[in-house]
file work_9.txt (compact mmCIF, C-alpha atoms)
# COMPACT_ATOMS: atom_id res chain seq x y z
CA MET A 6 -24.37 -9.92 12.07
CA ALA A 7 -20.94 -10.85 10.83
CA ARG A 8 -19.17 -8.06 9.05
CA SER A 9 -17.72 -8.68 5.60
CA ASP A 10 -13.97 -8.66 5.13
CA VAL A 11 -14.19 -5.36 3.29
CA GLN A 12 -16.20 -3.86 6.16
CA LEU A 13 -13.67 -5.17 8.66
CA MET A 14 -10.87 -3.60 6.67
CA LEU A 15 -12.76 -0.30 6.48
CA ASP A 16 -13.13 -0.45 10.25
CA VAL A 17 -9.40 -1.04 10.56
CA LYS A 18 -8.94 2.02 8.36
CA ALA A 19 -11.12 4.00 10.76
CA GLY A 20 -8.79 3.00 13.58
CA ASP A 21 -10.46 -0.14 14.94
CA GLU A 22 -7.64 -2.50 15.91
CA GLU A 23 -10.08 -5.23 16.94
CA SER A 24 -11.15 -5.63 13.34
CA PHE A 25 -7.56 -6.19 12.32
CA GLU A 26 -7.37 -8.90 14.94
CA LEU A 27 -10.46 -10.56 13.40
CA LEU A 28 -8.92 -10.49 9.93
CA LEU A 29 -5.71 -11.94 11.35
CA GLN A 30 -7.62 -14.79 13.01
CA LYS A 31 -9.51 -15.53 9.82
CA TYR A 32 -6.65 -15.45 7.32
CA ARG A 33 -3.60 -16.39 9.33
CA THR A 34 -3.92 -20.13 8.61
CA PRO A 35 -4.86 -19.89 4.90
CA LEU A 36 -2.00 -17.48 4.34
CA VAL A 37 0.56 -19.58 6.18
CA ASN A 38 -0.72 -22.60 4.25
CA PHE A 39 -0.40 -20.87 0.94
CA LEU A 40 3.07 -19.57 1.70
CA CYS A 41 4.26 -22.89 3.11
CA ARG A 42 3.45 -24.42 -0.24
CA MET A 43 5.11 -21.57 -2.11
CA VAL A 44 8.44 -21.66 -0.27
CA ARG A 45 10.25 -24.62 1.18
CA GLU A 46 10.68 -23.73 4.83
CA GLN A 47 7.85 -23.07 7.21
CA GLY A 48 9.90 -20.47 9.05
CA ALA A 49 10.37 -18.48 5.86
CA ALA A 50 6.69 -18.92 5.00
CA GLU A 51 5.67 -17.57 8.39
CA ASP A 52 7.99 -14.61 8.00
CA LEU A 53 6.36 -13.87 4.68
CA ALA A 54 2.88 -14.24 6.19
CA GLN A 55 3.85 -11.77 8.91
CA GLU A 56 5.11 -9.40 6.26
CA VAL A 57 1.77 -9.67 4.44
CA PHE A 58 -0.19 -8.74 7.57
CA LEU A 59 2.24 -5.96 8.34
CA ARG A 60 1.72 -4.54 4.85
CA VAL A 61 -2.03 -4.77 5.21
CA TYR A 62 -1.74 -2.92 8.50
CA ARG A 63 0.53 -0.25 7.04
CA ALA A 64 -1.76 0.24 4.05
CA ARG A 65 -4.93 0.51 6.15
CA LYS A 66 -5.21 4.29 5.80
CA GLU A 67 -5.04 4.09 2.02
CA TYR A 68 -7.33 1.07 1.74
CA SER A 69 -10.18 1.37 -0.72
CA PRO A 70 -12.40 -1.64 -1.44
CA SER A 71 -11.78 -1.88 -5.17
CA ALA A 72 -11.40 -5.66 -5.14
CA LYS A 73 -12.32 -8.60 -2.95
CA PHE A 74 -10.34 -8.54 0.26
CA THR A 75 -8.91 -12.01 -0.40
CA THR A 76 -7.77 -10.94 -3.87
CA TRP A 77 -5.88 -8.04 -2.34
CA LEU A 78 -4.47 -10.17 0.48
CA PHE A 79 -3.29 -13.01 -1.74
CA ARG A 80 -1.94 -10.61 -4.29
CA ILE A 81 0.32 -9.13 -1.64
CA ALA A 82 1.24 -12.63 -0.48
CA THR A 83 1.94 -13.88 -4.01
CA ASN A 84 4.08 -10.88 -4.89
CA LEU A 85 6.08 -11.21 -1.69
CA ALA A 86 6.54 -14.94 -2.24
CA LEU A 87 7.55 -14.54 -5.88
CA ASN A 88 10.06 -11.86 -4.94
CA ALA A 89 11.42 -13.97 -2.13
CA ILE A 90 11.79 -16.98 -4.41
CA ARG A 91 13.32 -14.98 -7.22
CA ASP A 92 16.06 -13.40 -5.24
CA GLY A 93 16.42 -16.27 -2.82
CA ARG A 94 15.82 -13.89 0.01
CA HIS A 95 13.62 -16.33 1.88
CA ARG A 96 16.72 -18.30 2.79
CA GLN A 97 18.21 -15.33 4.61
CA MET A 98 14.87 -14.36 6.10
CA GLN A 99 14.85 -17.45 8.27
CA ILE A 100 14.94 -16.40 11.86
CA SER A 101 15.22 -18.22 15.11
CA ILE A 102 11.90 -19.98 14.86
CA ASP A 103 12.23 -23.70 15.47
CA THR A 104 9.94 -25.55 13.13
CA PRO A 105 10.41 -28.91 11.48
CA ARG A 106 11.75 -28.41 8.01
CA ASP A 107 11.59 -30.63 4.99
CA GLU A 108 14.92 -31.97 3.95
CA ASP A 109 15.79 -31.35 0.40
CA GLU A 110 15.74 -34.94 -0.76
CA PRO A 111 15.69 -36.25 -4.30
CA VAL A 112 12.50 -38.03 -5.30
CA MET A 113 14.35 -41.21 -6.22
CA GLU A 114 15.89 -41.57 -2.78
CA ILE A 115 12.48 -41.16 -1.24
CA ALA A 116 11.13 -43.84 -3.56
CA ALA A 117 13.95 -46.22 -2.58
CA ARG A 118 13.33 -45.70 1.11
CA GLU A 119 9.64 -46.34 0.69
CA ALA A 120 10.15 -50.09 0.45
CA ARG A 121 11.46 -50.42 4.01
CA ALA A 122 9.24 -47.84 5.58
CA ASP A 123 6.11 -48.43 7.59
CA GLU A 124 2.68 -47.00 6.82
CA ARG A 125 3.17 -43.66 8.51
CA LEU A 126 6.52 -43.22 6.91
CA ILE A 127 5.12 -44.03 3.49
CA GLU A 128 2.52 -41.36 3.94
CA GLU A 129 5.15 -38.87 5.01
CA GLU A 130 7.29 -39.69 2.02
CA ARG A 131 4.35 -39.33 -0.31
CA ASN A 132 3.59 -35.93 1.09
CA ARG A 133 7.20 -34.96 0.75
CA MET A 134 7.25 -36.08 -2.86
CA ILE A 135 4.16 -34.07 -3.67
CA ARG A 136 5.47 -31.00 -1.90
CA SER A 137 8.78 -31.26 -3.70
CA ALA A 138 7.09 -31.65 -7.07
CA ILE A 139 4.97 -28.54 -6.46
CA LEU A 140 8.02 -26.62 -5.26
CA ALA A 141 9.84 -27.63 -8.44
CA LEU A 142 7.22 -25.90 -10.62
CA PRO A 143 8.04 -22.48 -12.08
CA GLU A 144 6.89 -19.84 -9.54
CA LYS A 145 3.86 -18.60 -11.40
CA GLN A 146 2.61 -22.10 -12.16
CA ARG A 147 3.21 -22.99 -8.55
CA ALA A 148 1.16 -20.06 -7.31
CA ALA A 149 -1.62 -20.87 -9.79
CA VAL A 150 -1.79 -24.52 -8.71
CA ILE A 151 -1.82 -23.69 -4.99
CA LEU A 152 -4.50 -21.01 -5.38
CA HIS A 153 -6.58 -23.34 -7.57
CA LYS A 154 -6.17 -26.62 -5.77
CA TYR A 155 -5.59 -25.66 -2.15
CA GLN A 156 -7.24 -22.24 -1.80
CA GLU A 157 -10.02 -23.32 -4.19
CA MET A 158 -10.29 -19.89 -5.72
CA GLU A 159 -12.25 -18.92 -8.81
CA TYR A 160 -10.36 -18.49 -12.07
CA ALA A 161 -11.24 -14.80 -12.20
CA GLU A 162 -9.77 -14.20 -8.75
CA ILE A 163 -6.60 -16.19 -9.42
CA GLY A 164 -6.22 -14.28 -12.67
CA LYS A 165 -6.41 -10.99 -10.81
CA ILE A 166 -3.90 -12.17 -8.21
CA LEU A 167 -1.42 -13.35 -10.81
CA GLY A 168 -2.12 -10.56 -13.26
CA CYS A 169 -3.13 -12.74 -16.19
CA SER A 170 -6.28 -13.44 -18.19
CA GLU A 171 -8.53 -16.38 -17.37
CA SER A 172 -7.60 -17.99 -20.64
CA ALA A 173 -3.87 -17.64 -19.91
CA LEU A 174 -4.47 -18.98 -16.42
CA LYS A 175 -6.21 -22.10 -17.75
CA SER A 176 -3.24 -22.82 -20.00
CA LEU A 177 -0.88 -22.17 -17.11
CA LEU A 178 -2.80 -24.60 -14.90
CA PHE A 179 -2.89 -27.24 -17.60
CA ARG A 180 0.88 -27.05 -18.07
CA ALA A 181 1.45 -27.16 -14.31
CA TYR A 182 -0.78 -30.19 -13.76
CA GLU A 183 0.73 -31.91 -16.76
CA THR A 184 4.20 -31.46 -15.23
CA LEU A 185 2.99 -32.74 -11.86
CA ARG A 186 1.31 -35.71 -13.51
CA VAL A 187 4.61 -36.71 -15.09
CA GLN A 188 6.70 -35.96 -11.98
CA LEU A 189 4.36 -37.85 -9.70
CA ALA A 190 3.66 -40.73 -12.08
CA LEU A 191 4.60 -43.12 -9.30
CA LEU A 192 1.60 -41.96 -7.30
CA VAL A 193 -0.75 -40.98 -10.05
CA ALA A 194 -0.45 -43.49 -12.88
CA ARG A 195 -3.10 -46.17 -13.10
CA PRO A 196 -2.30 -49.10 -10.80
CA SER A 197 -2.64 -51.49 -13.72
CA ALA A 198 -0.17 -49.46 -15.74
CA GLN A 199 2.22 -49.35 -12.77
CA THR A 200 2.16 -53.09 -12.19
CA ALA A 201 2.33 -53.80 -15.92
CA GLY A 202 5.74 -52.21 -16.25
CA GLU A 203 7.81 -49.81 -14.17
CA GLY A 204 9.75 -48.46 -17.11
CA LYS A 205 6.67 -47.44 -19.02
CA ARG A 206 6.52 -43.92 -17.69
CA SER A 207 10.19 -43.07 -17.38
CA MET B 23 -13.92 -31.94 -38.18
CA SER B 24 -15.69 -30.10 -35.40
CA MET B 25 -14.09 -32.14 -32.61
CA MET B 26 -11.59 -30.42 -30.33
CA SER B 27 -7.94 -31.22 -30.87
CA CYS B 28 -5.74 -32.49 -28.02
CA GLU B 29 -4.06 -29.10 -27.96
CA LYS B 30 -7.36 -27.24 -27.78
CA ILE B 31 -8.58 -29.42 -24.96
CA SER B 32 -5.70 -28.17 -22.82
CA LYS B 33 -7.59 -24.90 -22.32
CA THR B 34 -10.71 -26.57 -21.00
CA LEU B 35 -9.65 -29.87 -19.46
CA VAL B 36 -8.90 -28.37 -16.04
CA SER B 37 -12.18 -26.45 -15.84
CA TYR B 38 -14.00 -29.53 -17.13
CA LEU B 39 -12.51 -31.64 -14.34
CA ASP B 40 -13.14 -29.13 -11.55
CA GLY B 41 -16.73 -28.70 -12.69
CA ARG B 42 -16.48 -25.05 -13.69
CA ALA B 43 -16.67 -25.47 -17.46
CA SER B 44 -19.71 -24.19 -19.31
CA GLU B 45 -22.26 -26.60 -20.72
CA ARG B 46 -20.85 -26.18 -24.21
CA GLU B 47 -17.25 -26.67 -23.10
CA ARG B 48 -18.20 -29.77 -21.18
CA ALA B 49 -19.95 -31.28 -24.16
CA SER B 50 -16.99 -30.69 -26.45
CA VAL B 51 -14.47 -32.06 -23.93
CA GLU B 52 -16.61 -35.15 -23.43
CA GLU B 53 -16.84 -35.62 -27.16
CA HIS B 54 -13.05 -35.43 -27.42
CA LEU B 55 -12.46 -37.78 -24.51
CA LYS B 56 -14.70 -40.41 -26.08
CA ALA B 57 -12.50 -40.43 -29.13
CA CYS B 58 -9.02 -39.81 -27.63
CA ALA B 59 -7.59 -42.48 -25.32
CA GLU B 60 -4.53 -40.43 -24.47
CA CYS B 61 -6.54 -37.47 -23.21
CA ARG B 62 -8.88 -39.83 -21.41
CA GLU B 63 -5.94 -41.27 -19.50
CA ARG B 64 -4.62 -37.76 -18.83
CA ALA B 65 -7.99 -36.71 -17.45
CA GLU B 66 -8.07 -39.75 -15.20
CA GLU B 67 -4.58 -39.07 -13.96
CA PHE B 68 -5.40 -35.41 -13.32
CA ARG B 69 -8.25 -36.54 -11.11
CA ARG B 70 -5.97 -38.92 -9.26
CA LEU B 71 -3.31 -36.23 -8.98
CA TRP B 72 -5.79 -33.90 -7.32
CA ASN B 73 -6.78 -36.59 -4.83
CA VAL B 74 -3.14 -37.25 -4.04
CA MET B 75 -2.47 -33.53 -3.65
CA ALA B 76 -5.40 -33.23 -1.27
CA GLU B 77 -3.75 -35.75 1.03
CA VAL B 78 -0.95 -33.36 1.87
CA PRO B 79 -1.89 -31.84 5.19
CA ALA B 80 -2.07 -28.09 5.58
CA ALA B 81 0.55 -26.42 7.72
CA GLU B 82 -0.56 -24.71 10.90
CA PRO B 83 0.95 -21.40 11.93
CA SER B 84 3.44 -22.04 14.70
CA PHE B 85 2.73 -21.12 18.28
CA GLY B 86 3.57 -17.50 18.86
CA PHE B 87 2.79 -16.36 15.34
CA ASP B 88 0.22 -13.85 16.58
CA ALA B 89 2.39 -12.65 19.43
CA ARG B 90 5.27 -12.06 17.06
CA LEU B 91 3.07 -10.16 14.67
CA ARG B 92 1.56 -8.01 17.43
CA GLN B 93 5.05 -7.18 18.61
CA ARG B 94 6.03 -6.12 15.10
CA ILE B 95 2.90 -4.01 14.76
CA ALA B 96 3.48 -2.40 18.15
CA SER B 97 6.96 -1.37 17.06
CA GLU B 98 5.60 0.27 13.92
CA PRO B 99 6.11 4.03 13.96
CA ARG B 100 2.76 5.44 15.08
CA ARG B 101 1.27 8.42 13.38
CA LYS B 102 0.37 11.37 15.57
CA LEU B 103 -3.33 11.83 16.22
CA TRP B 104 -3.42 15.11 14.36
CA ALA B 105 -1.19 13.98 11.52
CA TRP B 106 -4.15 13.48 9.19
CA MET B 107 -4.86 17.22 9.36
CA VAL B 108 -1.53 18.20 7.90
CA PRO B 109 -1.09 17.12 4.31
CA SER B 110 2.52 18.32 4.17
CA PRO B 111 5.09 19.57 6.65
CA ARG B 112 5.94 22.49 4.39
CA LEU B 113 2.33 23.70 4.48
CA ALA B 114 2.27 23.23 8.24
CA ALA B 115 5.42 25.32 8.60
CA SER B 116 4.10 28.17 6.47
CA VAL B 117 0.75 28.20 8.29
CA ALA B 118 2.57 28.30 11.62
CA LEU B 119 4.75 31.15 10.37
CA LEU B 120 1.71 33.14 9.24
CA ILE B 121 -0.04 32.66 12.56
CA GLY B 122 3.11 33.64 14.42
CA LEU B 123 3.47 36.76 12.33
CA ALA B 124 -0.17 37.76 12.90
CA VAL B 125 0.20 37.29 16.64
CA PHE B 126 3.44 39.28 16.72
CA VAL B 127 1.92 42.16 14.80
CA SER B 128 -1.26 42.33 16.89
CA VAL B 129 0.43 41.97 20.26
CA ARG B 130 3.34 44.37 19.60
CA PRO B 131 3.08 47.46 21.87
CA ARG B 132 2.68 50.74 20.00
CA HIS B 133 4.95 53.18 21.86
CA ALA B 134 4.77 55.77 19.13
CA GLN B 135 1.08 56.50 19.47
CA PRO B 136 0.85 58.29 22.84
CA VAL B 137 3.95 60.31 21.92
CA ASN B 138 2.30 61.19 18.65
CA THR B 139 -0.89 62.44 20.19
CA GLN B 140 1.17 64.42 22.63
CA ALA B 141 3.19 65.88 19.86
CA SER B 142 0.20 66.77 17.76
CA SER B 143 -1.61 68.45 20.63
CA GLU B 144 1.52 70.38 21.38
CA GLU B 145 1.67 71.31 17.75
CA GLN B 146 -1.94 72.28 17.64
CA PHE B 147 -1.31 74.52 20.58
CA GLN B 148 1.46 76.25 18.69
CA MET B 149 -0.70 76.51 15.59
CA ILE B 150 -3.26 78.25 17.67
CA GLN B 151 -0.53 80.45 19.03
CA ASP B 152 0.50 81.30 15.50
CA LEU B 153 -3.03 81.95 14.33
CA GLY B 154 -2.56 85.66 14.77
CA VAL B 155 0.24 85.62 12.28
CA LEU B 156 -1.60 83.36 9.85
CA GLU B 157 -4.56 85.62 9.83
CA ASN B 158 -2.49 88.30 8.31
CA TYR B 159 -2.35 86.59 4.97
CA ASP B 160 -1.15 89.55 3.00
CA VAL B 161 1.68 90.27 5.36
CA LEU B 162 2.87 86.69 5.27
CA SER B 163 2.63 86.18 1.55
CA ASN B 164 4.72 89.24 0.91
CA PHE B 165 7.25 88.44 3.58
CA ASP B 166 10.38 87.78 1.52
CA ALA B 167 12.43 86.48 4.39
CA LEU B 168 10.22 83.39 4.54
CA SER B 169 11.30 82.02 1.17
CA ASP B 170 14.91 82.04 2.38
CA LEU B 171 14.19 79.53 5.11
CA PRO B 172 16.07 76.26 4.41
CA ALA B 173 13.14 74.07 5.38
CA ALA B 174 11.05 75.59 2.63
CA GLN B 175 12.30 72.73 0.42
CA SER B 176 9.68 70.59 2.06
CA SER B 177 7.17 72.41 -0.06
CA GLU B 178 7.23 69.38 -2.28
CA GLN B 179 5.28 67.58 0.42
CA PRO B 180 2.85 70.19 1.58
CA GLU B 181 0.54 67.66 3.17
CA GLU B 182 3.31 66.22 5.33
CA LYS B 183 1.86 64.64 8.40
CA PRO B 184 1.79 67.05 11.22
CA ALA B 185 2.06 64.06 13.56
CA GLY B 186 5.59 63.31 12.33
CA PRO B 187 8.10 62.61 15.06
CA GLY B 188 9.82 65.65 16.34
CA GLY B 189 7.11 67.79 14.74
CA GLY B 190 8.46 70.86 16.43
CA THR B 191 7.62 74.48 15.96
CA GLY B 192 10.02 75.20 13.13
CA GLU B 193 8.89 72.35 10.99
CA SER B 194 5.21 72.97 11.31
CA TRP B 195 5.83 76.61 10.67
CA ASN B 196 7.67 75.77 7.50
CA GLY B 197 4.87 73.52 6.45
CA VAL B 198 2.35 76.23 6.89
CA ALA B 199 4.49 78.64 4.95
CA ALA B 200 4.91 76.19 2.13
CA GLY B 201 1.19 75.56 2.04
CA LEU B 202 0.58 79.23 1.86
CA ARG B 203 2.96 79.63 -1.02
CA ALA B 204 1.35 76.75 -2.83
CA SER B 205 -2.07 78.25 -2.56
CA GLU B 206 -0.60 81.55 -3.64
CA GLY B 207 0.66 79.98 -6.84
CA LEU B 208 -2.85 78.89 -7.83
call {"tool": "encode", "arguments": {"input": "work_9.txt", "output": "structure tokens"}}
result
Amino acid sequence: MARSDVQLMLDVKAGDEESFELLLQKYRTPLVNFLCRMVREQGAAEDLAQEVFLRVYRARKEYSPSAKFTTWLFRIATNLALNAIRDGRHRQMQISIDTPRDEDEPVMEIAAREARADERLIEEERNRMIRSAILALPEKQRAAVILHKYQEMEYAEIGKILGCSESALKSLLFRAYETLRVQLALLVARPSAQTAGEGKRS
Amino acid sequence: MSMMSCEKISKTLVSYLDGRASERERASVEEHLKACAECRERAEEFRRLWNVMAEVPAAEPSFGFDARLRQRIASEPRRKLWAWMVPSPRLAASVALLIGLAVFVSVRPRHAQPVNTQASSEEQFQMIQDLGVLENYDVLSNFDALSDLPAAQSSEQPEEKPAGPGGGTGESWNGVAAGLRASEGL
């Protein structure tokens, strides 16, 4: 029978390193995903993800299952990411890991290039636009959107991770999606509205 | 008017669209959307936004992520196996000191004891030797010369241990004399 995350963590606490390995296998990708969407560079995101696991490992002896394991894990990750964003530390944290990085490119330039790009390139540019728009959100809104849309978490859990009420979270999410809707009007606005007039939504 | 305002809908639109709103919330949002074209368009665009967002592929951890992490964990300072037993180094130090002291006290050789027994048996022998004199209580108690002995000051401690170091003849004699005088005073 598969052990629950909390049980795995309790086993880690008892000195079972194999259980830590299982938790690492299970949450490595979701964490890297989350952090890649929180900070710009994948290298920095991976450094942060490593830091999260390191903190989990260091805290194993004091672990007590007072919350869902994922709540605890993503709370650590969110706090680390917010701190890194706030003091710009993630830029210095980049180490010698060679991963493709998104260029910091204005949305308008991307839009201009779209015309002469092929299908694959268009898709890449779209993704880049969306990523940039999410990265442009205020940190807390950004975290809320990523946890809601990409991690598909419950409101209660996101609220606990971000330290806000469900009601406050819903307002936060609304504001964030409203910003994204405006920023990504090119991709999101009704096709009829787009063809009817480009200037409509500027 | 019981219908939700555009501002009020902002609290429930997201949960309405992701299917987590309650029955009542859903009904009131739907009622508002029927009447408000602007919010209807917003709701539509939110849906499209989510589809567009879903297109962005998830990043995969780079090769070597695990190896790097294991290396970092391996270089973590390891706690000693018995560390959990000691809540604080200060307590550990005082416990160690106590144990050390106990061992020192119990193991320390007692040189004084055999000497003492020797001395006391020697003394006893002399006491026995002096018994003849002691028996003559009247003679001793009236012997004025005795009170002039300098060691008679020890009369303040009449029960002085006979096993005292250097418990020679003179001293024990003085002790006896003092004891005699004390009992005389009663």
call {"tool": "atom_distance", "arguments": {"input": "work_9.txt", "atom1": "CA of Val193 (chain A)", "atom2": "CA of Arg70 (chain B)"}}
result
5.7 Å
call {"tool": "interface_residues", "arguments": {"input": "work_9.txt", "of": "chain A", "to": "chain B", "cutoff": "8 Å", "atoms": "all atoms listed in the file", "output": "MDAnalysis selection string"}}
result
chainID A and resid 33:34 37:38 41 51 55 58:59 62 104 132 135:136 154:155 172 175:176 178:179 182:183 185:186 189 192:195
call {"tool": "closest_residue", "arguments": {"input": "work_9.txt", "among": "A:Leu177, A:Leu191, A:Leu167, A:Met14", "to": "Arg80 (chain A)", "atoms": "all atoms listed in the file"}}
result
A:Leu167
call {"tool": "atom_distance", "arguments": {"input": "work_9.txt", "atom1": "CA of Asn88 (chain A)", "atom2": "CA of Arg147 (chain A)"}}
result
13.6 Å
call {"tool": "atom_distance", "arguments": {"input": "work_9.txt", "atom1": "CA of Phe74 (chain A)", "atom2": "CA of Ala86 (chain A)"}}
result
18.2 Å
call {"tool": "closest_residue", "arguments": {"input": "work_9.txt", "among": "A:Thr184, A:Glu56, A:Arg45, A:Lys66", "to": "Ala19 (chain A)", "atoms": "only C-alpha atoms"}}
result
A:Lys66
